[in-house]
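Heads up, model_5.cif below (mmCIF, C-alpha atoms and all ligand atoms):
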data_coords
#
loop_
_atom_site.label_atom_id
_atom_site.label_comp_id
_atom_site.auth_asym_id
_atom_site.auth_seq_id
_atom_site.Cartn_x
_atom_site.Cartn_y
_atom_site.Cartn_z
CA MET A 1 -0.64 -7.39 -10.69
CA THR A 2 2.42 -9.03 -12.10
CA ALA A 3 5.97 -7.74 -11.87
CA SER A 4 8.72 -9.41 -13.87
CA ARG A 5 12.44 -8.95 -13.53
CA VAL A 6 12.24 -5.54 -11.89
CA ASN A 7 15.38 -3.55 -11.09
CA VAL A 8 15.34 -0.18 -9.37
CA PHE A 9 18.22 2.26 -9.17
CA TYR A 10 18.77 5.47 -7.24
CA GLY A 11 21.50 7.07 -9.32
CA ASP A 12 24.07 4.25 -9.68
CA LYS A 13 22.95 2.50 -6.52
CA GLN A 14 20.78 -0.53 -7.17
CA ALA A 15 18.00 -0.90 -4.58
CA ILE A 16 15.98 -3.73 -6.19
CA ARG A 17 17.50 -6.67 -8.04
CA ASP A 18 15.60 -8.82 -10.49
CA VAL A 19 12.36 -9.08 -8.54
CA SER A 20 9.42 -10.98 -10.03
CA ILE A 21 6.17 -11.36 -8.17
CA ASP A 22 2.53 -12.03 -8.87
CA VAL A 23 0.19 -10.19 -6.50
CA ARG A 24 -3.09 -12.06 -6.20
CA GLN A 25 -6.25 -10.03 -6.49
CA GLU A 26 -8.08 -11.95 -3.76
CA ASP A 27 -5.35 -11.85 -1.13
CA VAL A 28 -3.55 -9.56 1.25
CA THR A 29 0.17 -9.69 0.49
CA ALA A 30 2.74 -8.62 3.09
CA PHE A 31 6.23 -7.38 2.20
CA ILE A 32 8.65 -8.01 5.05
CA GLY A 33 12.41 -7.76 5.51
CA PRO A 34 15.09 -5.84 7.37
CA SER A 35 15.38 -2.08 7.15
CA GLY A 36 16.76 -0.90 3.82
CA CYS A 37 16.03 -4.15 1.97
CA GLY A 38 13.91 -2.31 -0.58
CA LYS A 39 10.32 -3.09 0.49
CA SER A 40 9.10 0.48 0.13
CA THR A 41 11.07 1.02 -3.06
CA PHE A 42 9.49 -2.04 -4.65
CA LEU A 43 6.01 -1.13 -3.38
CA ARG A 44 6.34 2.29 -5.00
CA THR A 45 7.12 0.74 -8.38
CA LEU A 46 3.62 -0.74 -8.40
CA ASN A 47 1.93 2.63 -8.92
CA ARG A 48 4.90 4.54 -10.29
CA MET A 49 5.40 6.55 -7.13
CA ASN A 50 9.15 6.33 -7.84
CA ASP A 51 8.53 8.63 -10.81
CA THR A 52 8.39 11.46 -8.29
CA ILE A 53 11.89 10.71 -6.90
CA ALA A 54 14.71 12.44 -8.77
CA GLY A 55 17.35 9.95 -9.93
CA ALA A 56 15.13 6.89 -9.45
CA ARG A 57 14.96 4.53 -12.42
CA VAL A 58 12.86 1.40 -12.86
CA GLU A 59 13.58 -1.45 -15.27
CA GLY A 60 11.47 -4.52 -15.95
CA ASP A 61 7.86 -5.22 -16.67
CA ILE A 62 4.93 -4.48 -14.38
CA ARG A 63 1.40 -5.24 -15.49
CA LEU A 64 -2.04 -4.46 -14.17
CA ASP A 65 -4.77 -6.45 -15.93
CA GLY A 66 -2.17 -7.27 -18.58
CA GLU A 67 -1.42 -3.58 -19.23
CA ASP A 68 2.17 -2.37 -18.99
CA ILE A 69 1.99 0.36 -16.33
CA TYR A 70 5.26 1.90 -17.54
CA ALA A 71 4.02 2.17 -21.13
CA ARG A 72 4.23 5.64 -22.59
CA ALA A 73 0.46 5.70 -23.12
CA MET A 74 -0.29 4.95 -19.46
CA ASP A 75 -2.02 7.84 -17.70
CA VAL A 76 -0.23 8.00 -14.35
CA VAL A 77 -3.03 9.89 -12.58
CA GLN A 78 -5.46 7.19 -13.68
CA LEU A 79 -2.99 4.47 -12.67
CA ARG A 80 -2.68 5.88 -9.14
CA ALA A 81 -6.47 5.77 -8.83
CA ARG A 82 -6.45 2.10 -9.90
CA VAL A 83 -3.52 1.38 -7.60
CA GLY A 84 -4.07 3.54 -4.54
CA MET A 85 -1.57 4.18 -1.79
CA VAL A 86 -1.71 4.72 1.96
CA PHE A 87 1.43 6.06 3.62
CA GLN A 88 3.19 5.55 6.91
CA LYS A 89 2.14 8.91 8.26
CA PRO A 90 -1.54 9.71 7.70
CA ASN A 91 -1.62 12.58 5.21
CA PRO A 92 -5.14 13.93 4.80
CA PHE A 93 -5.48 17.12 2.77
CA PRO A 94 -5.95 20.23 4.94
CA LYS A 95 -9.61 20.23 3.92
CA SER A 96 -12.86 18.89 5.31
CA ILE A 97 -13.47 15.20 5.86
CA PHE A 98 -16.02 15.29 3.02
CA GLU A 99 -13.62 17.03 0.63
CA ASN A 100 -10.81 14.58 1.39
CA VAL A 101 -12.96 11.74 0.10
CA ALA A 102 -14.82 13.69 -2.62
CA TYR A 103 -11.68 15.06 -4.25
CA GLY A 104 -10.69 11.92 -6.19
CA PRO A 105 -14.16 11.02 -7.50
CA ARG A 106 -14.60 14.64 -8.56
CA ILE A 107 -11.34 14.90 -10.55
CA HIS A 108 -11.94 11.49 -12.10
CA GLY A 109 -15.53 12.41 -13.01
CA LEU A 110 -17.01 9.44 -11.13
CA ALA A 111 -20.08 11.22 -9.76
CA ARG A 112 -23.06 12.04 -11.95
CA SER A 113 -24.56 14.52 -9.52
CA LYS A 114 -24.07 16.12 -6.13
CA ALA A 115 -26.23 13.45 -4.53
CA ASP A 116 -24.20 10.76 -6.25
CA LEU A 117 -20.99 12.30 -4.92
CA GLY A 118 -22.48 12.32 -1.43
CA GLN A 119 -23.25 8.62 -1.78
CA ILE A 120 -19.73 7.80 -2.94
CA VAL A 121 -18.33 9.69 0.06
CA GLU A 122 -20.67 7.89 2.47
CA ARG A 123 -20.00 4.46 0.98
CA SER A 124 -16.22 5.01 1.10
CA LEU A 125 -16.33 6.15 4.72
CA VAL A 126 -18.55 3.18 5.62
CA ARG A 127 -16.09 0.77 3.97
CA ALA A 128 -13.19 2.42 5.75
CA GLY A 129 -14.98 1.93 9.06
CA LEU A 130 -15.12 5.66 9.76
CA TRP A 131 -18.68 6.69 8.90
CA GLY A 132 -20.13 6.26 12.38
CA GLU A 133 -17.46 8.48 13.89
CA VAL A 134 -17.64 11.31 11.37
CA LYS A 135 -21.13 11.38 9.85
CA ASP A 136 -22.17 14.35 11.97
CA ARG A 137 -19.06 16.38 11.26
CA LEU A 138 -18.25 15.83 7.62
CA HIS A 139 -17.35 19.49 7.24
CA ASP A 140 -14.76 19.51 10.01
CA SER A 141 -11.13 19.41 8.95
CA GLY A 142 -9.66 15.99 8.21
CA THR A 143 -6.51 16.99 10.03
CA ALA A 144 -8.45 17.44 13.30
CA LEU A 145 -9.14 13.70 13.54
CA SER A 146 -7.05 11.31 15.65
CA GLY A 147 -4.12 9.58 13.94
CA GLY A 148 -6.04 6.32 13.53
CA GLN A 149 -9.08 8.14 12.17
CA GLN A 150 -6.87 10.10 9.77
CA GLN A 151 -5.40 6.84 8.49
CA ARG A 152 -8.91 5.42 7.93
CA LEU A 153 -9.78 8.68 6.16
CA CYS A 154 -6.80 8.13 3.86
CA ILE A 155 -8.05 4.61 3.21
CA ALA A 156 -11.53 6.02 2.44
CA ARG A 157 -9.89 8.49 0.05
CA ALA A 158 -8.16 5.63 -1.76
CA ILE A 159 -11.37 3.56 -1.86
CA ALA A 160 -13.46 6.46 -3.22
CA VAL A 161 -11.97 6.14 -6.71
CA ASP A 162 -12.73 2.42 -6.84
CA PRO A 163 -9.19 1.03 -6.99
CA GLU A 164 -8.20 -2.52 -7.91
CA VAL A 165 -5.17 -2.52 -5.65
CA ILE A 166 -4.38 -0.67 -2.41
CA LEU A 167 -0.73 -0.32 -1.42
CA MET A 168 -0.04 0.34 2.26
CA ASP A 169 3.42 1.40 3.35
CA GLU A 170 3.70 0.66 7.08
CA PRO A 171 0.21 2.07 7.63
CA CYS A 172 0.22 1.47 11.40
CA SER A 173 3.71 2.54 12.35
CA ALA A 174 2.51 5.94 13.61
CA LEU A 175 -0.52 4.51 15.43
CA ASP A 176 -1.19 3.21 18.94
CA PRO A 177 -2.14 -0.45 19.48
CA ILE A 178 -5.90 0.21 19.47
CA ALA A 179 -5.82 2.23 16.26
CA THR A 180 -3.51 -0.44 14.80
CA ALA A 181 -5.98 -3.21 15.64
CA ARG A 182 -8.75 -1.19 13.97
CA ILE A 183 -6.70 -0.89 10.75
CA GLU A 184 -5.89 -4.61 10.82
CA GLU A 185 -9.61 -5.40 11.18
CA LEU A 186 -10.31 -3.09 8.28
CA ILE A 187 -7.73 -4.87 6.13
CA HIS A 188 -9.62 -8.11 6.83
CA GLU A 189 -12.90 -6.51 5.83
CA LEU A 190 -11.47 -5.08 2.61
CA ARG A 191 -9.86 -8.32 1.54
CA GLY A 192 -11.40 -9.75 -1.59
CA ARG A 193 -12.78 -6.43 -2.78
CA TYR A 194 -9.31 -4.99 -3.40
CA ALA A 195 -5.91 -6.58 -3.73
CA ILE A 196 -3.96 -5.25 -0.74
CA VAL A 197 -0.19 -5.07 -0.43
CA ILE A 198 1.18 -4.04 2.95
CA VAL A 199 4.76 -3.27 3.90
CA THR A 200 5.32 -3.97 7.56
CA HIS A 201 8.17 -4.22 10.03
CA ASN A 202 5.94 -6.09 12.38
CA MET A 203 6.03 -9.81 11.69
CA GLN A 204 3.06 -10.54 13.94
CA GLN A 205 1.13 -8.06 11.87
CA ALA A 206 2.18 -9.74 8.63
CA ALA A 207 1.13 -13.09 10.06
CA ARG A 208 -2.22 -11.70 11.23
CA VAL A 209 -3.32 -9.79 8.16
CA SER A 210 -1.85 -11.51 5.11
CA GLN A 211 -2.37 -14.70 3.17
CA ARG A 212 0.82 -14.26 1.11
CA THR A 213 4.19 -13.02 2.32
CA ALA A 214 7.21 -11.82 0.39
CA PHE A 215 10.54 -11.68 2.22
CA PHE A 216 13.06 -9.17 0.85
CA HIS A 217 16.74 -8.99 1.70
CA LEU A 218 19.38 -6.70 0.20
CA GLY A 219 17.11 -5.72 -2.68
CA GLN A 220 16.24 -9.29 -3.61
CA LEU A 221 13.05 -11.24 -3.18
CA VAL A 222 14.32 -14.20 -1.19
CA GLU A 223 11.09 -16.07 -0.70
CA TYR A 224 7.43 -15.61 -1.57
CA GLY A 225 4.63 -17.91 -0.57
CA ASP A 226 1.68 -18.60 1.67
CA THR A 227 2.06 -16.66 4.91
CA SER A 228 1.59 -19.81 6.98
CA ASP A 229 4.47 -21.53 5.14
CA ILE A 230 6.78 -18.51 5.35
CA PHE A 231 6.30 -18.30 9.11
CA THR A 232 6.22 -21.96 10.02
CA ASN A 233 8.19 -23.69 7.33
CA PRO A 234 10.41 -21.30 5.35
CA ARG A 235 12.43 -22.83 2.54
CA GLU A 236 15.34 -20.39 2.73
CA GLU A 237 17.84 -20.05 5.54
CA ARG A 238 17.77 -16.24 5.27
CA THR A 239 13.98 -16.21 5.77
CA LYS A 240 14.29 -18.48 8.78
CA ASP A 241 16.97 -16.25 10.32
CA TYR A 242 14.81 -13.17 9.87
CA ILE A 243 11.55 -14.56 11.18
CA THR A 244 13.26 -16.09 14.19
CA GLY A 245 14.78 -12.69 14.94
CA ARG A 246 18.37 -13.63 14.24
CA TYR A 247 18.90 -10.37 12.36
CA GLY A 248 17.00 -7.36 11.13
N1 LIG A 301 15.07 8.53 -2.44
C1 LIG A 301 16.13 7.74 -2.33
N2 LIG A 301 17.33 8.11 -2.82
C2 LIG A 301 18.41 7.30 -2.71
N3 LIG A 301 18.39 6.09 -2.12
C3 LIG A 301 17.24 5.66 -1.60
C4 LIG A 301 16.05 6.46 -1.67
N4 LIG A 301 15.05 5.76 -1.07
C5 LIG A 301 15.59 4.60 -0.65
N5 LIG A 301 16.90 4.53 -0.96
C6 LIG A 301 17.82 3.42 -0.68
O1 LIG A 301 17.30 2.25 -1.27
C7 LIG A 301 17.44 1.13 -0.39
C8 LIG A 301 16.06 0.54 -0.10
O2 LIG A 301 15.31 1.47 0.68
P1 LIG A 301 13.80 1.26 1.06
O3 LIG A 301 13.33 2.48 1.78
O4 LIG A 301 13.04 0.84 -0.12
O5 LIG A 301 13.91 0.04 2.06
P2 LIG A 301 12.87 -0.52 3.10
O6 LIG A 301 13.06 -1.97 3.11
O7 LIG A 301 11.51 0.00 2.80
O8 LIG A 301 13.42 0.11 4.43
P3 LIG A 301 12.66 0.55 5.75
O9 LIG A 301 12.04 -0.69 6.27
O10 LIG A 301 13.74 1.07 6.61
O11 LIG A 301 11.66 1.60 5.35
C9 LIG A 301 18.15 1.65 0.84
O12 LIG A 301 19.52 1.38 0.68
C10 LIG A 301 17.89 3.13 0.80
O13 LIG A 301 18.93 3.85 1.41
#
Kindly present the structure from the file in structure tokens form.
Amino acid sequence: MTASRVNVFYGDKQAIRDVSIDVRQEDVTAFIGPSGCGKSTFLRTLNRMNDTIAGARVEGDIRLDGEDIYARAMDVVQLRARVGMVFQKPNPFPKSIFENVAYGPRIHGLARSKADLGQIVERSLVRAGLWGEVKDRLHDSGTALSGGQQQRLCIARAIAVDPEVILMDEPCSALDPIATARIEELIHELRGRYAIVIVTHNMQQAARVSQRTAFFHLGQLVEYGDTSDIFTNPREERTKDYITGRYG
């Protein structure tokens, strides 16, 4: 995906200033920066999640496979299947594990038959690393799972509609260290199949899971490059200050 000269406003307050970024399909990209710098706001522009916030306005050009995602003809429901999202707090539907994953493929008409739908559900749960834990209780409620399992269920739900990009907004912040490690492993496994963009407060996590890192500060993209360069040899003073813990 490519974003060019993006500005985002909440009412008259500008939260993102002139941000341009190219998200590589084959990489995991981490968005880092101090609280309030606009990471989540910018992430949400990538699948038009800001459309749901009253008073939010997006300017600039954002393209997926060359298509302007803010074009009038863009089907937003379709877009959010192509660019899926996983939130900070796991938010499964209050339905069965099976239904959580089957819902998207069903509304998008991706299954040719009941058996086909079953296969999509199984494949998505396998990819999300959850199948082994839930295969014997697919009809139990998704909300009865542990937090880490719920988050993997939400990832399976995103995967089920065959996205190109998966956006993750602090996906581990509500999880314990073991569940966090499991999600990080999963991100590694999913790399290459989907472009992944992850917002994280945890710099070690950014360093572990991503190949590209974007550092935001006060609504601006200060520096964007290979994760190893950002963490070992940043070009900008503000990046250096942040990664060495001088502020944030
Ligand atoms: N719905 C909203 N209405 C008004 N202002 C908002 C809204 N959401 C975010 N903002 C403001 O936009 C700026 C960027 O917020 P955003 O949540 O994107 O930052 P962030 O870097 O993700 O922060 P954090 O790491 O704390 O989640 C902040 O000043 C915030 O107060």
Please, which residues are within 6 Å of (1.6, -15.8, 1.9) by the file's coordinates, counting all atoms listed in the file, and could they come as a list of chain:residue names? A:Gln211, A:Arg212, A:Thr213, A:Gly225, A:Asp226, A:Thr227
Next, write the just-selected residues to a file, as a PDB file, in the frame of the given file, keeping C-alpha atoms as the atom set.
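Saved the output as result-v9.pdb:
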ATOM      1  CA  GLN A 211      -2.370 -14.700   3.170  1.00  0.00           C
ATOM      2  CA  ARG A 212       0.820 -14.260   1.110  1.00  0.00           C
ATOM      3  CA  THR A 213       4.190 -13.020   2.320  1.00  0.00           C
ATOM      4  CA  GLY A 225       4.630 -17.910  -0.570  1.00  0.00           C
ATOM      5  CA  ASP A 226       1.680 -18.600   1.670  1.00  0.00           C
ATOM      6  CA  THR A 227       2.060 -16.660   4.910  1.00  0.00           C
TER       7      THR A 227
END
Find the residues near stretch 19-36 of chain A: any atom within 6 Å, counting only C-alpha atoms, skip ones fewer than 4 places away on the same chain, and give them as a ChimeraX atom specification. /A:1-6,192,195-200,206,210-217,221,248
Distance filter 12 Å around ligand LIG 301 (chain A), atoms: all atoms listed in the file, out as a PyMOL selection string: chain A and resi 7-17+31-45+49-57+87-88+168-171+173+198-202+214-221+248
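Using only C-alpha atoms, the nearest neighbour of A:Thr244 within the list A:Ala144, A:Phe231, A:Arg193, A:Lys135 is A:Phe231.
Atom CA of A:Arg157 is found 17.9 Å from atom CA of A:His188.
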Minimum-distance residue to A:Asn91, chosen among A:Arg182, A:Lys240, A:Arg152, A:Arg235 (using only C-alpha atoms): A:Arg152
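Take the candidates A:Lys95, A:Arg48, A:Glu59, A:Arg112 and check each one against A:Met74 using only C-alpha atoms; the shortest distance goes to A:Arg48.
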Grab the atom CA of A:Val222 to atom CA of A:Leu79 distance for me, in Å with one decimal place. 27.9 Å
Taking all atoms of stretch 99-116 of chain A that appear in the file, build a box with edges along x, y and z, extend it by 4 Å on every side, and state its centre and edge lengths in Å to one decimal, as lines of an AutoDock Vina configuration file.
center_x = -18.5
center_y = 13.2
center_z = -5.8
size_x = 23.5
size_y = 15.6
size_z = 22.4
Quote the spacing between atom CA of A:Val76 and atom CA of A:Leu125 in Å to one decimal place. 25.0 Å
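For stretch 80-86 of chain A, the list of residues within 8 Å, based on all atoms listed in the file and with local chain neighbours fewer than 5 positions off taken out, reads A:Leu46, A:Asn47, A:Arg48, A:Gly104, A:Gln151, A:Cys154, A:Ile155, A:Ala158, A:Ile159, A:Val161, A:Asp162, A:Pro163, A:Glu164, A:Val165, A:Ile166, A:Leu167, A:Met168, A:Asp169, A:Pro171.
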Judged by all atoms listed in the file, the minimum distance to A:Thr143 among A:Glu99, A:Glu122, A:Asp61, A:Glu236 is found for A:Glu99
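Counting all atoms listed in the file, the residue from A:Pro105, A:Asp241, A:Ile187, A:Tyr224 that sits nearest to A:Arg208 is A:Ile187.
Among the candidate residues A:Gly245, A:Gly118, A:Gly147, A:Pro92, the one lying nearest to A:Cys172 is A:Gly147, with distances computed using only C-alpha atoms.
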